[in-house]
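Written below as structure tokens is the structure these notes are about.
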Amino acid sequence: MAEELTALHQNHTWDLVSLPPGKHMIGFRWMYKIKTKFDGYVECYKARLVAKGYSQQYGFDDDETFSPVENMTTLHIMILVASVQQWKIFQMDFKNAFLNDDLHE
């Protein structure tokens with residue numbers, strides 16, 4: 001958790017401001033995951049601070065953020081095309097990924 005908070009602070013993810021009139025605050029929660037190696041041994045413990053986007057209200061603040069996620073069918077097709085074309089495939093693990101939009105909540 002300390003590593004996640006340090007990364008959020010170093011990347012200037014947010015500024016602490018007063019809540020504007022007429023706006024409601026979106027909460028957050030900690031998500032925990034234990035990553036294991038193929039043999040079952042613990043590789044690392046991960047903690048992520050995530051916004052509770054499900055608390056947004058339709059028609060009020062639901063169009064202000066966008067967070068794309070991968071579709072497994074698309075991923076399989078991309079791997080198939082890469083293998084047919086003999087392209088090199090690289091795997092990356094992002095420690096922190098941030099939206100490129102200013103939130104007013």
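Labeling convention for the structure tokens: chains A, B, ... as they appear, residues from 1 per chain, ligands from 1 in order of appearance.
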Contacts of A:Leu5 at 12 Å (only C-alpha atoms; same-chain gap of 4+ positions) as a JSON list (two decimals) with N, CA, C and O atoms, in the first residue's frame:
[["chain", "number", "residue", "atom", "x", "y", "z"],
["A", 1, "MET", "N", 0.84, -1.19, 0.00],
["A", 1, "MET", "CA", 0.00, 0.00, 0.00],
["A", 1, "MET", "C", 0.88, 1.24, 0.00],
["A", 1, "MET", "O", 0.57, 2.20, -0.69],
["A", 9, "HIS", "N", 1.56, 9.68, -5.45],
["A", 9, "HIS", "CA", 2.05, 10.99, -5.06],
["A", 9, "HIS", "C", 3.11, 11.48, -6.05],
["A", 9, "HIS", "O", 3.08, 12.63, -6.50],
["A", 10, "GLN", "N", 4.06, 10.63, -6.43],
["A", 10, "GLN", "CA", 5.13, 11.02, -7.34],
["A", 10, "GLN", "C", 4.61, 11.36, -8.73],
["A", 10, "GLN", "O", 5.19, 12.19, -9.42],
["A", 11, "ASN", "N", 3.53, 10.72, -9.17],
["A", 11, "ASN", "CA", 2.95, 10.98, -10.48],
["A", 11, "ASN", "C", 1.94, 12.12, -10.47],
["A", 11, "ASN", "O", 1.32, 12.40, -11.48],
["A", 12, "HIS", "N", 1.78, 12.76, -9.31],
["A", 12, "HIS", "CA", 0.82, 13.87, -9.17],
["A", 12, "HIS", "C", -0.55, 13.47, -9.72],
["A", 12, "HIS", "O", -1.16, 14.16, -10.52],
["A", 13, "THR", "N", -1.01, 12.31, -9.27],
["A", 13, "THR", "CA", -2.27, 11.75, -9.75],
["A", 13, "THR", "C", -3.46, 12.63, -9.41],
["A", 13, "THR", "O", -4.41, 12.73, -10.18],
["A", 14, "TRP", "N", -3.44, 13.27, -8.28],
["A", 14, "TRP", "CA", -4.54, 14.14, -7.90],
["A", 14, "TRP", "C", -4.03, 15.29, -7.05],
["A", 14, "TRP", "O", -2.91, 15.28, -6.55],
["A", 30, "TRP", "N", -9.42, -0.16, -1.60],
["A", 30, "TRP", "CA", -8.17, -0.87, -1.85],
["A", 30, "TRP", "C", -8.50, -2.25, -2.42],
["A", 30, "TRP", "O", -9.38, -2.93, -1.92],
["A", 47, "ALA", "N", -1.25, -4.11, -4.09],
["A", 47, "ALA", "CA", -2.36, -3.31, -3.57],
["A", 47, "ALA", "C", -2.61, -2.19, -4.56],
["A", 47, "ALA", "O", -1.67, -1.53, -5.00],
["A", 48, "ARG", "N", -3.85, -1.98, -4.93],
["A", 48, "ARG", "CA", -4.22, -0.92, -5.86],
["A", 48, "ARG", "C", -5.34, -0.09, -5.25],
["A", 48, "ARG", "O", -6.30, -0.64, -4.70],
["A", 49, "LEU", "N", -5.22, 1.21, -5.38],
["A", 49, "LEU", "CA", -6.26, 2.13, -4.93],
["A", 49, "LEU", "C", -7.11, 2.46, -6.15],
["A", 49, "LEU", "O", -6.61, 2.97, -7.13],
["A", 50, "VAL", "N", -8.39, 2.09, -6.12],
["A", 50, "VAL", "CA", -9.26, 2.28, -7.28],
["A", 50, "VAL", "C", -10.49, 3.10, -6.90],
["A", 50, "VAL", "O", -10.99, 3.02, -5.78],
["A", 95, "LYS", "N", 3.15, -0.79, -13.52],
["A", 95, "LYS", "CA", 2.91, -0.60, -12.09],
["A", 95, "LYS", "C", 1.80, 0.41, -11.87],
["A", 95, "LYS", "O", 0.98, 0.27, -10.98],
["A", 96, "ASN", "N", 1.77, 1.46, -12.67],
["A", 96, "ASN", "CA", 0.76, 2.50, -12.52],
["A", 96, "ASN", "C", 0.33, 2.98, -13.90],
["A", 96, "ASN", "O", 1.17, 3.29, -14.73]]
*Please, what distance in Å, to one decimal, runs between atom CA of A:Lys52 and atom CA of A:Phe28?*
5.2 Å
